[in-house]
Every structure is written in C-alpha cells, then in structure tokens.
$ cat run.csv   # CSV, C-alpha atoms
chain,number,residue,atom,x,y,z
A,1,MET,CA,-13.0,4.4,28.3
A,2,GLN,CA,-16.0,2.3,27.2
A,3,LEU,CA,-16.9,2.8,23.5
A,4,SER,CA,-20.6,3.0,22.5
A,5,ARG,CA,-22.2,0.2,20.5
A,6,ASP,CA,-22.1,2.4,17.4
A,7,GLU,CA,-18.4,3.1,17.9
A,8,LEU,CA,-17.7,-0.6,18.3
A,9,ILE,CA,-19.6,-1.5,15.2
A,10,GLN,CA,-17.8,1.2,13.2
A,11,ALA,CA,-14.4,0.1,14.4
A,12,TYR,CA,-15.0,-3.6,13.6
A,13,ARG,CA,-16.5,-2.8,10.3
A,14,LYS,CA,-13.3,-1.0,9.3
A,15,MET,CA,-11.1,-3.8,10.5
A,16,ALA,CA,-13.2,-6.3,8.6
A,17,THR,CA,-13.1,-4.2,5.5
A,18,ILE,CA,-9.3,-4.0,5.6
A,19,ARG,CA,-9.1,-7.8,6.1
A,20,ALA,CA,-11.6,-8.5,3.3
A,21,PHE,CA,-9.8,-6.0,1.0
A,22,GLU,CA,-6.4,-7.6,1.6
A,23,GLU,CA,-7.5,-11.2,1.4
A,24,ARG,CA,-9.2,-10.5,-1.9
A,25,LEU,CA,-6.1,-8.9,-3.3
A,26,HIS,CA,-4.0,-11.9,-2.1
A,27,ASP,CA,-6.3,-14.1,-4.3
A,28,ILE,CA,-6.5,-11.9,-7.3
A,29,ILE,CA,-2.8,-11.0,-7.5
A,30,ALA,CA,-2.0,-14.7,-7.8
A,31,THR,CA,-3.9,-14.8,-11.0
A,32,GLY,CA,-1.9,-12.0,-12.6
A,33,GLU,CA,-4.9,-9.8,-13.1
A,34,ILE,CA,-3.2,-6.9,-11.2
A,35,ALA,CA,0.3,-5.7,-12.1
A,36,GLY,CA,3.0,-4.3,-9.9
A,37,PHE,CA,4.4,-4.9,-6.4
A,38,THR,CA,1.9,-5.2,-3.5
A,39,HIS,CA,2.5,-5.5,0.3
A,40,LEU,CA,-0.5,-6.6,2.3
A,41,TYR,CA,-1.5,-5.3,5.8
A,42,CYS,CA,-3.4,-8.5,7.0
A,43,GLY,CA,-2.9,-9.0,10.7
A,44,GLN,CA,-2.2,-5.4,11.6
A,45,GLU,CA,-5.7,-4.0,11.3
A,46,ALA,CA,-6.1,-3.1,15.0
A,47,VAL,CA,-3.2,-0.6,14.7
A,48,ALA,CA,-4.5,1.4,11.7
A,49,VAL,CA,-8.1,1.5,13.0
A,50,GLY,CA,-7.2,2.0,16.7
A,51,VAL,CA,-5.1,5.0,15.7
A,52,CYS,CA,-7.3,6.6,13.1
A,53,GLU,CA,-10.6,6.3,15.0
A,54,HIS,CA,-9.4,9.2,17.1
A,55,LEU,CA,-8.6,11.4,14.1
A,56,ALA,CA,-10.5,14.1,12.3
A,57,ILE,CA,-10.1,14.7,8.5
A,58,GLU,CA,-8.0,17.7,9.3
A,59,ASP,CA,-5.4,15.5,11.1
A,60,LYS,CA,-2.8,14.1,8.7
A,61,ILE,CA,-1.3,10.7,8.3
A,62,VAL,CA,1.6,9.4,6.3
A,63,SER,CA,1.8,5.7,5.5
A,64,THR,CA,4.4,3.1,4.4
A,65,HIS,CA,4.6,0.8,1.4
A,66,ARG,CA,2.2,-1.4,3.3
A,67,GLY,CA,-0.4,1.3,3.2
A,68,HIS,CA,-3.9,0.0,2.2
A,69,GLY,CA,-5.0,-0.5,5.9
A,70,HIS,CA,-4.0,3.1,6.8
A,71,CYS,CA,-5.8,4.5,3.9
A,72,LEU,CA,-9.1,2.6,4.6
A,73,ALA,CA,-8.9,3.4,8.3
A,74,LYS,CA,-8.5,7.2,7.5
A,75,GLY,CA,-11.6,7.0,5.4
A,76,CYS,CA,-10.5,6.5,1.8
A,77,ASP,CA,-13.1,5.1,-0.5
A,78,VAL,CA,-13.0,1.3,-0.9
A,79,THR,CA,-13.8,1.3,-4.6
A,80,GLY,CA,-11.5,4.2,-5.3
A,81,MET,CA,-8.7,2.3,-3.6
A,82,MET,CA,-9.3,-0.9,-5.5
A,83,LYS,CA,-9.5,1.0,-8.8
A,84,GLU,CA,-6.2,2.7,-8.0
A,85,ILE,CA,-4.5,-0.7,-7.3
A,86,TRP,CA,-6.0,-1.9,-10.6
A,87,GLY,CA,-4.3,1.0,-12.4
A,88,SER,CA,-7.6,2.6,-13.5
A,89,ARG,CA,-7.9,6.3,-14.5
A,90,GLU,CA,-10.9,6.2,-12.1
A,91,GLY,CA,-8.7,5.4,-9.1
A,92,LEU,CA,-8.0,7.7,-6.2
A,93,CYS,CA,-4.8,8.9,-7.9
A,94,LYS,CA,-6.1,8.3,-11.5
A,95,GLY,CA,-4.0,5.1,-11.7
A,96,LYS,CA,-0.7,6.9,-11.3
A,97,GLY,CA,-0.1,5.9,-7.7
A,98,GLY,CA,-0.9,2.2,-7.6
A,99,SER,CA,-0.5,0.1,-4.4
A,100,MET,CA,2.5,1.9,-2.9
A,101,HIS,CA,1.6,5.5,-3.6
A,102,ILE,CA,-2.0,6.0,-2.8
A,103,ALA,CA,-3.0,9.4,-1.4
A,104,ASP,CA,-6.2,11.2,-0.7
A,105,ILE,CA,-5.4,14.7,0.5
A,106,ASP,CA,-9.1,15.5,1.1
A,107,LYS,CA,-9.2,12.8,3.8
A,108,GLY,CA,-5.9,13.9,5.4
A,109,MET,CA,-4.1,10.9,3.9
A,110,LEU,CA,-0.9,12.4,2.6
A,111,GLY,CA,0.3,9.2,0.9
A,112,ALA,CA,1.7,5.8,1.1
A,113,ASN,CA,5.4,5.6,0.2
A,114,GLY,CA,7.6,3.1,-1.6
A,115,ILE,CA,10.8,4.4,0.1
A,116,VAL,CA,11.4,2.8,3.5
A,117,GLY,CA,11.7,5.5,6.2
A,118,ALA,CA,10.6,8.4,3.9
A,119,GLY,CA,7.3,9.0,5.6
A,120,ALA,CA,8.6,10.4,8.9
A,121,PRO,CA,10.2,13.6,7.4
A,122,ILE,CA,7.0,14.3,5.5
A,123,ALA,CA,4.9,13.9,8.7
A,124,VAL,CA,7.2,16.3,10.6
A,125,GLY,CA,6.6,18.9,7.8
A,126,ALA,CA,2.9,18.3,8.1
A,127,ALA,CA,3.1,18.6,11.9
A,128,MET,CA,4.9,21.9,11.6
A,129,SER,CA,2.0,23.1,9.4
A,130,CYS,CA,-0.5,22.0,12.1
A,131,LYS,CA,1.5,23.8,14.7
A,132,LEU,CA,1.5,27.1,12.7
A,133,ASP,CA,-2.3,26.7,12.1
A,134,GLY,CA,-2.8,26.6,15.9
A,135,GLU,CA,-5.9,24.5,15.8
A,136,GLY,CA,-4.7,21.5,17.8
A,137,ARG,CA,-4.2,19.2,14.8
A,138,VAL,CA,-1.5,16.5,14.6
A,139,ALA,CA,0.4,14.6,12.0
A,140,ILE,CA,1.1,10.9,12.4
A,141,THR,CA,3.7,8.8,10.6
A,142,PHE,CA,3.3,5.0,10.5
A,143,SER,CA,6.7,3.2,10.2
A,144,GLY,CA,7.7,-0.5,10.4
A,145,ASP,CA,10.5,-2.0,12.4
A,146,GLY,CA,12.6,-1.8,9.3
A,147,ALA,CA,12.1,2.0,8.9
A,148,CYS,CA,13.2,2.5,12.5
A,149,ASN,CA,16.8,1.7,11.3
A,150,GLN,CA,16.7,4.5,8.6
A,151,GLY,CA,18.6,7.7,9.0
A,152,THR,CA,15.6,9.7,7.7
A,153,THR,CA,13.6,8.5,10.6
A,154,PHE,CA,16.3,9.5,13.1
A,155,GLU,CA,16.5,13.0,11.5
A,156,ALA,CA,12.8,13.4,11.6
A,157,MET,CA,12.6,12.4,15.3
A,158,ASN,CA,15.3,14.9,16.2
A,159,MET,CA,13.7,17.7,14.2
A,160,ALA,CA,10.3,17.0,15.7
A,161,VAL,CA,11.8,17.3,19.2
A,162,VAL,CA,13.8,20.5,18.5
A,163,THR,CA,10.7,22.2,16.9
A,164,LYS,CA,8.1,20.7,19.4
A,165,ALA,CA,6.1,19.7,16.3
A,166,PRO,CA,2.8,17.9,17.1
A,167,CYS,CA,4.0,14.7,15.3
A,168,ILE,CA,3.3,11.2,16.5
A,169,PHE,CA,5.7,8.4,15.4
A,170,VAL,CA,3.7,5.1,15.3
A,171,PHE,CA,6.0,2.1,14.9
A,172,GLU,CA,4.4,-1.1,13.9
A,173,ASN,CA,6.8,-3.8,14.9
A,174,ASN,CA,5.7,-6.9,13.0
A,175,HIS,CA,9.1,-8.5,13.8
A,176,TYR,CA,10.4,-9.1,10.3
A,177,SER,CA,11.3,-5.8,8.6
A,178,GLU,CA,11.6,-7.3,5.1
A,179,HIS,CA,12.9,-10.8,5.8
A,180,THR,CA,15.1,-10.2,8.8
A,181,GLY,CA,14.1,-10.8,12.4
A,182,PHE,CA,13.7,-7.7,14.6
A,183,GLU,CA,15.9,-9.2,17.3
A,184,TYR,CA,18.9,-9.3,14.9
A,185,ALA,CA,18.2,-6.1,13.0
A,186,VAL,CA,17.7,-3.6,15.8
A,187,GLY,CA,21.1,-3.1,17.5
A,188,THR,CA,19.8,-1.9,20.9
A,189,GLN,CA,18.6,-5.4,21.7
A,190,LYS,CA,15.7,-3.7,23.5
A,191,ASP,CA,12.9,-2.1,21.5
A,192,ILE,CA,12.1,0.6,19.1
A,193,ALA,CA,10.4,2.8,21.7
A,194,SER,CA,13.7,3.2,23.6
A,195,ARG,CA,15.3,4.6,20.5
A,196,ALA,CA,12.6,7.3,20.2
A,197,GLU,CA,13.0,8.0,23.9
A,198,ALA,CA,16.7,8.7,23.4
A,199,PHE,CA,15.7,11.6,21.1
A,200,GLY,CA,13.9,13.2,24.0
A,201,MET,CA,10.3,12.4,23.4
A,202,LYS,CA,7.8,10.6,25.6
A,203,VAL,CA,7.1,7.1,24.4
A,204,TRP,CA,4.4,4.4,24.9
A,205,ARG,CA,4.3,0.7,24.2
A,206,ALA,CA,1.2,-1.5,23.7
A,207,ASP,CA,-0.1,-4.7,22.2
A,208,GLY,CA,-0.9,-4.0,18.5
A,209,CYS,CA,-3.1,-7.1,18.2
A,210,ASP,CA,-5.6,-5.7,20.7
A,211,PHE,CA,-7.7,-3.0,19.2
A,212,PHE,CA,-8.7,-1.8,22.7
A,213,ALA,CA,-5.1,-1.5,23.9
A,214,VAL,CA,-4.2,0.5,20.7
A,215,HIS,CA,-7.3,2.8,21.1
A,216,ASP,CA,-6.7,3.5,24.8
A,217,THR,CA,-3.0,4.2,24.2
A,218,MET,CA,-3.6,6.6,21.3
A,219,ARG,CA,-6.2,8.5,23.4
A,220,GLU,CA,-3.5,9.2,26.0
A,221,ILE,CA,-0.9,10.1,23.3
A,222,LEU,CA,-3.2,12.5,21.5
A,223,GLU,CA,-4.2,14.3,24.7
A,224,TYR,CA,-0.5,14.7,25.4
A,225,VAL,CA,0.5,16.0,22.0
A,226,ARG,CA,-2.6,18.2,21.4
A,227,ALA,CA,-1.8,19.9,24.7
A,228,GLY,CA,1.3,21.3,23.2
A,229,ASN,CA,3.9,19.0,24.7
A,230,GLY,CA,5.6,18.3,21.4
A,231,PRO,CA,6.1,15.0,19.6
A,232,ALA,CA,5.5,11.5,21.0
A,233,ALA,CA,6.2,7.9,19.9
A,234,VAL,CA,4.6,4.5,20.3
A,235,GLU,CA,5.6,1.0,19.5
A,236,PHE,CA,2.8,-1.5,18.8
A,237,ASP,CA,3.8,-5.2,18.9
A,238,THR,CA,1.8,-6.7,16.0
A,239,GLU,CA,1.9,-9.6,13.4
A,240,ARG,CA,2.1,-9.8,9.7
A,241,PHE,CA,0.2,-12.7,8.1
A,242,TYR,CA,1.6,-12.5,4.6
A,243,GLY,CA,5.1,-12.0,3.4
A,244,HIS,CA,7.0,-8.7,2.9
A,245,PHE,CA,5.5,-8.7,-0.6
A,246,GLU,CA,3.0,-10.8,-2.4
A,247,GLY,CA,4.8,-13.9,-3.6
A,248,ASP,CA,7.2,-14.0,-0.7
A,249,PRO,CA,7.2,-17.6,0.5
A,250,GLN,CA,8.2,-16.7,4.1
A,251,ASN,CA,10.8,-19.4,4.4
A,252,TYR,CA,12.4,-17.4,7.2
A,253,ARG,CA,9.6,-18.2,9.6
A,254,GLY,CA,9.7,-21.1,12.0
A,255,GLU,CA,7.6,-24.2,11.6
A,256,GLY,CA,4.0,-23.7,12.5
A,257,GLU,CA,4.6,-20.0,13.3
A,258,LEU,CA,2.0,-18.6,11.0
A,259,ASP,CA,-0.7,-21.1,12.1
A,260,ARG,CA,0.1,-20.1,15.7
A,261,ILE,CA,-0.2,-16.4,15.3
A,262,ARG,CA,-3.3,-16.7,13.1
A,263,GLU,CA,-4.9,-18.7,15.9
A,264,THR,CA,-3.7,-16.7,18.9
A,265,ARG,CA,-2.8,-13.2,17.6
A,266,ASP,CA,-5.5,-12.4,15.1
A,267,CYS,CA,-6.8,-8.9,16.0
A,268,LEU,CA,-10.2,-9.6,14.6
A,269,LYS,CA,-10.6,-12.8,16.6
A,270,ILE,CA,-9.4,-11.0,19.8
A,271,PHE,CA,-11.9,-8.1,19.2
A,272,ARG,CA,-14.8,-10.6,18.7
A,273,GLN,CA,-13.9,-12.5,21.8
A,274,LYS,CA,-13.7,-9.4,23.9
A,275,VAL,CA,-16.9,-7.8,22.8
A,276,THR,CA,-19.0,-11.0,22.9
A,277,GLU,CA,-17.8,-12.1,26.3
A,278,ALA,CA,-18.5,-8.6,27.7
A,279,GLY,CA,-22.0,-8.7,26.1
A,280,LEU,CA,-21.3,-5.5,24.0
A,281,LEU,CA,-22.0,-7.1,20.6
A,282,ASP,CA,-23.2,-10.6,19.8
A,283,GLU,CA,-21.9,-13.2,17.4
A,284,ALA,CA,-24.6,-12.5,14.8
A,285,VAL,CA,-23.7,-8.8,14.6
A,286,ILE,CA,-20.0,-9.6,14.1
A,287,ASP,CA,-21.0,-12.1,11.3
A,288,GLU,CA,-23.2,-9.5,9.6
A,289,LEU,CA,-20.3,-7.0,9.7
A,290,ASN,CA,-18.0,-9.5,8.1
A,291,GLU,CA,-20.6,-10.2,5.4
A,292,ALA,CA,-21.1,-6.5,4.7
A,293,ALA,CA,-17.4,-5.9,4.4
A,294,GLU,CA,-17.1,-8.8,1.9
A,295,ALA,CA,-20.0,-7.3,-0.1
A,296,ASP,CA,-18.3,-3.9,-0.2
A,297,VAL,CA,-15.1,-5.5,-1.5
A,298,ASP,CA,-17.1,-7.6,-4.1
A,299,ALA,CA,-18.6,-4.4,-5.5
A,300,ALA,CA,-15.2,-2.7,-5.5
A,301,VAL,CA,-13.6,-5.6,-7.5
A,302,GLU,CA,-16.4,-5.7,-10.0
A,303,ALA,CA,-16.3,-1.9,-10.5
A,304,SER,CA,-12.5,-2.0,-10.9
A,305,ARG,CA,-12.6,-4.7,-13.5
A,306,ALA,CA,-15.0,-2.6,-15.6
A,307,ALA,CA,-13.3,0.8,-14.9
A,308,ASP,CA,-11.6,2.8,-17.7
A,309,ARG,CA,-7.8,2.3,-18.1
A,310,PRO,CA,-5.4,5.2,-18.8
A,311,THR,CA,-4.8,6.2,-22.4
A,312,ALA,CA,-1.7,7.7,-24.0
A,313,GLU,CA,-3.3,11.2,-23.6
A,314,ASP,CA,-3.2,10.7,-19.8
A,315,VAL,CA,0.5,10.2,-19.5
A,316,LEU,CA,1.4,13.8,-18.6
A,317,THR,CA,-1.8,14.8,-16.8
A,318,ASP,CA,-1.5,15.4,-13.1
A,319,VAL,CA,2.3,14.8,-13.2
A,320,TYR,CA,3.6,18.4,-13.1
A,321,VAL,CA,2.4,21.3,-11.0
A,322,GLU,CA,2.8,25.0,-12.0
A,323,TYR,CA,3.5,27.4,-9.1
$ encode --input "run.csv" --output "structure tokens"
Amino acid sequence: MQLSRDELIQAYRKMATIRAFEERLHDIIATGEIAGFTHLYCGQEAVAVGVCEHLAIEDKIVSTHRGHGHCLAKGCDVTGMMKEIWGSREGLCKGKGGSMHIADIDKGMLGANGIVGAGAPIAVGAAMSCKLDGEGRVAITFSGDGACNQGTTFEAMNMAVVTKAPCIFVFENNHYSEHTGFEYAVGTQKDIASRAEAFGMKVWRADGCDFFAVHDTMREILEYVRAGNGPAAVEFDTERFYGHFEGDPQNYRGEGELDRIRETRDCLKIFRQKVTEAGLLDEAVIDELNEAAEADVDAAVEASRAADRPTAEDVLTDVYVEY
C-alpha cells in the first residue's frame, strides 16, 4: 500500500525526532546532567513508528525499559518527555516516572516498565478492556528478545489466546537481550515467533530496520486482530546502536560490528534511500525534516534545563489513589 506524501513526511519526522532525542540524551547523560539509568532506542525507530502509525489514541500500547521511542511514536509530547527524564515536576509524570516509567494515559501510552517482561500481562488486561468495549480497539505490548524468555510473557500469551483478547505481541529482536547473544539465550535455536505460535496464535516475521516492511506487516496484523480473531504476534529483526544501558561499553560485540550495522542497517538511511530512489521525497525534504527534529529537541532540552524541580511538598502527591 503506497503511503501519501504527507504520511511519508509524518513517519520520517517521527523517526528523526526519536533519533535526535536519543542522540542528544546520549551526549547529555555523559556530562552527568541527568540522573538515573537510561536505555536508548537508537536503531529501532522503524519498529515504533511503523507500528504506531496505524493506531488511534484509543488503542493502547505498553512499552519496555527502552521506551522513549514508543512514547514519541504514540504521540507523547517531546518537551514533556524530556522534562520527565530530567526529573522536573513539569514532566509528563511530574518527574516521578523518569526514563523507565513514562506514561501518558491520554495518548493511550500505558507506561514504560523497568521490569523485563512485565508489560505483556498489562497489555492483555488492556486488551480485555478493549474487547469488552466492543469498539474494535487493540492493545499492543512491545517486548525485547530478553523478555521473550520471561514466564510473565508466557502466561500473558496463553491468557490472550484463551480469552481471544485483541492483544498484539510485538517482539523487537535486537539480538542482545542485555549483554547475551540471542542465539545463545533462546533455547529453541529458531526464533521468537515460533514460541508465540506454539501458544496457538498466528505470527508474522519482518525486517525491523525497514519502515515499510514493518508498516505493511502491521496493517495485516491489525486487520486480523480487529476482525475478532484473537491475539497475534510478530517478531521484528532490528538493531541496537547503543548498549543495554547508557555507559555500557558493548565489549560483547564483534570487531567492526557497530560500524557495519550503522552503515547497512540504519532504518533512517534505508527509509531515505527508498523514498528518494522512488521519487517520493527528495533529499532536501529529508534534510529539512532532520533539521526540524533537531530544533524540536533543542527547544525541549532548553525548556527542561529551566523547568521547576520537585519540592519536598511534592513527595506524596500523585502517589496514592483513593477508590
């Protein structure tokens, strides 16, 4: 399905914004200006945007500890995101979520999660709610190749099949879990999708570095799930440019590996090459979109530096809920 010029521009703008956001964090975190653990999404932008471009606000997503890209792709505000990571009371979660626990319920983003494999059960619950509403909405859980080994993920897949919940399990296989190669850590010696298939759901596989492959695959999956066929799963083969966490020296990678994947598996480069060779967008437009994304992130950083920090009076606000 051919996307319109406006749709292509919107998709690339989002991918470029995620890249600029994460690259800037990589630089700033090294200075010590931002506290806490951070896990960057650089390299995987085509998955988040290729999935979320199909979704309405009413559709739900649940993210991982590597969640900035999913949040931005679902429509979370760039400045609100940056302020949250900065620990400001003006952040999306008033500074109480930080990098690993950002949520924006109004955008259908139910939260990033610091516990590996904890997102899948939450998404099944949200999917059950979607099913009861009867409006054709879905819930999507993003999981890495590490989370595919967690019992919580297995239980969630089984529950989704038993209840025919409109839940989509999106596995982003960036090959390294935390620091361990996928070929060693996944006992089937095959792939993640085959595991999901064993639970009784239909599965897809696609190149996660190619936005168009992700986008086309998700269209098929959403048609299947929205038609009432129950859950589905997809495994996207993708790449992680930075380490498991910021500061990880990535000594477990082979010599020249990072240079090779940045040259041949960069989803932004692949997008640019495809749209320019097809005459859909020209180089100047792509460059302008990159500049606009950088400007948005510049403004977000400056606003975050100037934003109010929490006070002692804020410690207990928005922590407890009265039923």
$ residues_around --input "run.csv" --residues "A:Glu53" --least-positions-apart "5" --cutoff "10 Å" --atoms "only C-alpha atoms" --output "PyMOL selection string"
chain A and resi 7+10-11+14+48+73-75+215+218-219
$ write_last_selection --input "run.csv" --atoms "C-alpha atoms" --output "CSV table (one decimal), in the frame of the given file"
chain,number,residue,atom,x,y,z
A,7,GLU,CA,-18.4,3.1,17.9
A,10,GLN,CA,-17.8,1.2,13.2
A,11,ALA,CA,-14.4,0.1,14.4
A,14,LYS,CA,-13.3,-1.0,9.3
A,48,ALA,CA,-4.5,1.4,11.7
A,73,ALA,CA,-8.9,3.4,8.3
A,74,LYS,CA,-8.5,7.2,7.5
A,75,GLY,CA,-11.6,7.0,5.4
A,215,HIS,CA,-7.3,2.8,21.1
A,218,MET,CA,-3.6,6.6,21.3
A,219,ARG,CA,-6.2,8.5,23.4
$ residues_around --input "run.csv" --residues "stretch 100-107 of chain A" --least-positions-apart "5" --cutoff "9 Å" --atoms "only C-alpha atoms" --output "NGL selection string"
:A and (37-39 or 56-60 or 62 or 64-68 or 71 or 74-76 or 81 or 84-85 or 92-93 or 112-114)
$ write_last_selection --input "run.csv" --atoms "C-alpha atoms" --output "PDB file, in the frame of the given file"
ATOM      1  CA  PHE A  37       4.400  -4.900  -6.400  1.00  0.00           C
ATOM      2  CA  THR A  38       1.900  -5.200  -3.500  1.00  0.00           C
ATOM      3  CA  HIS A  39       2.500  -5.500   0.300  1.00  0.00           C
ATOM      4  CA  ALA A  56     -10.500  14.100  12.300  1.00  0.00           C
ATOM      5  CA  ILE A  57     -10.100  14.700   8.500  1.00  0.00           C
ATOM      6  CA  GLU A  58      -8.000  17.700   9.300  1.00  0.00           C
ATOM      7  CA  ASP A  59      -5.400  15.500  11.100  1.00  0.00           C
ATOM      8  CA  LYS A  60      -2.800  14.100   8.700  1.00  0.00           C
ATOM      9  CA  VAL A  62       1.600   9.400   6.300  1.00  0.00           C
ATOM     10  CA  THR A  64       4.400   3.100   4.400  1.00  0.00           C
ATOM     11  CA  HIS A  65       4.600   0.800   1.400  1.00  0.00           C
ATOM     12  CA  ARG A  66       2.200  -1.400   3.300  1.00  0.00           C
ATOM     13  CA  GLY A  67      -0.400   1.300   3.200  1.00  0.00           C
ATOM     14  CA  HIS A  68      -3.900   0.000   2.200  1.00  0.00           C
ATOM     15  CA  CYS A  71      -5.800   4.500   3.900  1.00  0.00           C
ATOM     16  CA  LYS A  74      -8.500   7.200   7.500  1.00  0.00           C
ATOM     17  CA  GLY A  75     -11.600   7.000   5.400  1.00  0.00           C
ATOM     18  CA  CYS A  76     -10.500   6.500   1.800  1.00  0.00           C
ATOM     19  CA  MET A  81      -8.700   2.300  -3.600  1.00  0.00           C
ATOM     20  CA  GLU A  84      -6.200   2.700  -8.000  1.00  0.00           C
ATOM     21  CA  ILE A  85      -4.500  -0.700  -7.300  1.00  0.00           C
ATOM     22  CA  LEU A  92      -8.000   7.700  -6.200  1.00  0.00           C
ATOM     23  CA  CYS A  93      -4.800   8.900  -7.900  1.00  0.00           C
ATOM     24  CA  ALA A 112       1.700   5.800   1.100  1.00  0.00           C
ATOM     25  CA  ASN A 113       5.400   5.600   0.200  1.00  0.00           C
ATOM     26  CA  GLY A 114       7.600   3.100  -1.600  1.00  0.00           C
TER      27      GLY A 114
END
$ closest_residue --input "run.csv" --among "A:Leu3, A:Met82, A:Cys148, A:Leu40" --to "A:Leu281" --atoms "only C-alpha atoms"
A:Leu3
$ atom_distance --input "run.csv" --atom1 "atom CA of A:Ala123" --atom2 "atom CA of A:Ala165"
9.6 Å
$ atom_distance --input "run.csv" --atom1 "atom CA of A:Ala126" --atom2 "atom CA of A:Phe142"
13.5 Å
$ closest_residue --input "run.csv" --among "A:Gly187, A:Gly43, A:Gly117, A:Gly95" --to "A:Gly208" --atoms "only C-alpha atoms"
A:Gly43
$ residues_around --input "run.csv" --residues "stretch 261-264 of chain A" --least-positions-apart "3" --cutoff "8 Å" --atoms "only C-alpha atoms" --output "VMD selection string"
chain A and resid 239 241 257 to 258
$ closest_residue --input "run.csv" --among "A:Ala147, A:Ala139, A:Ala307, A:Ile270" --to "A:Met15" --atoms "all atoms listed in the file"
A:Ile270
$ closest_residue --input "run.csv" --among "A:Ala206, A:Val162, A:Ile140, A:Leu268" --to "A:Gly230" --atoms "all atoms listed in the file"
A:Val162
$ atom_distance --input "run.csv" --atom1 "atom CA of A:Arg24" --atom2 "atom CA of A:Gly256"
23.6 Å
$ closest_residue --input "run.csv" --among "A:Ser4, A:Thr238, A:Asn149, A:Thr276" --to "A:His175" --atoms "all atoms listed in the file"
A:Thr238
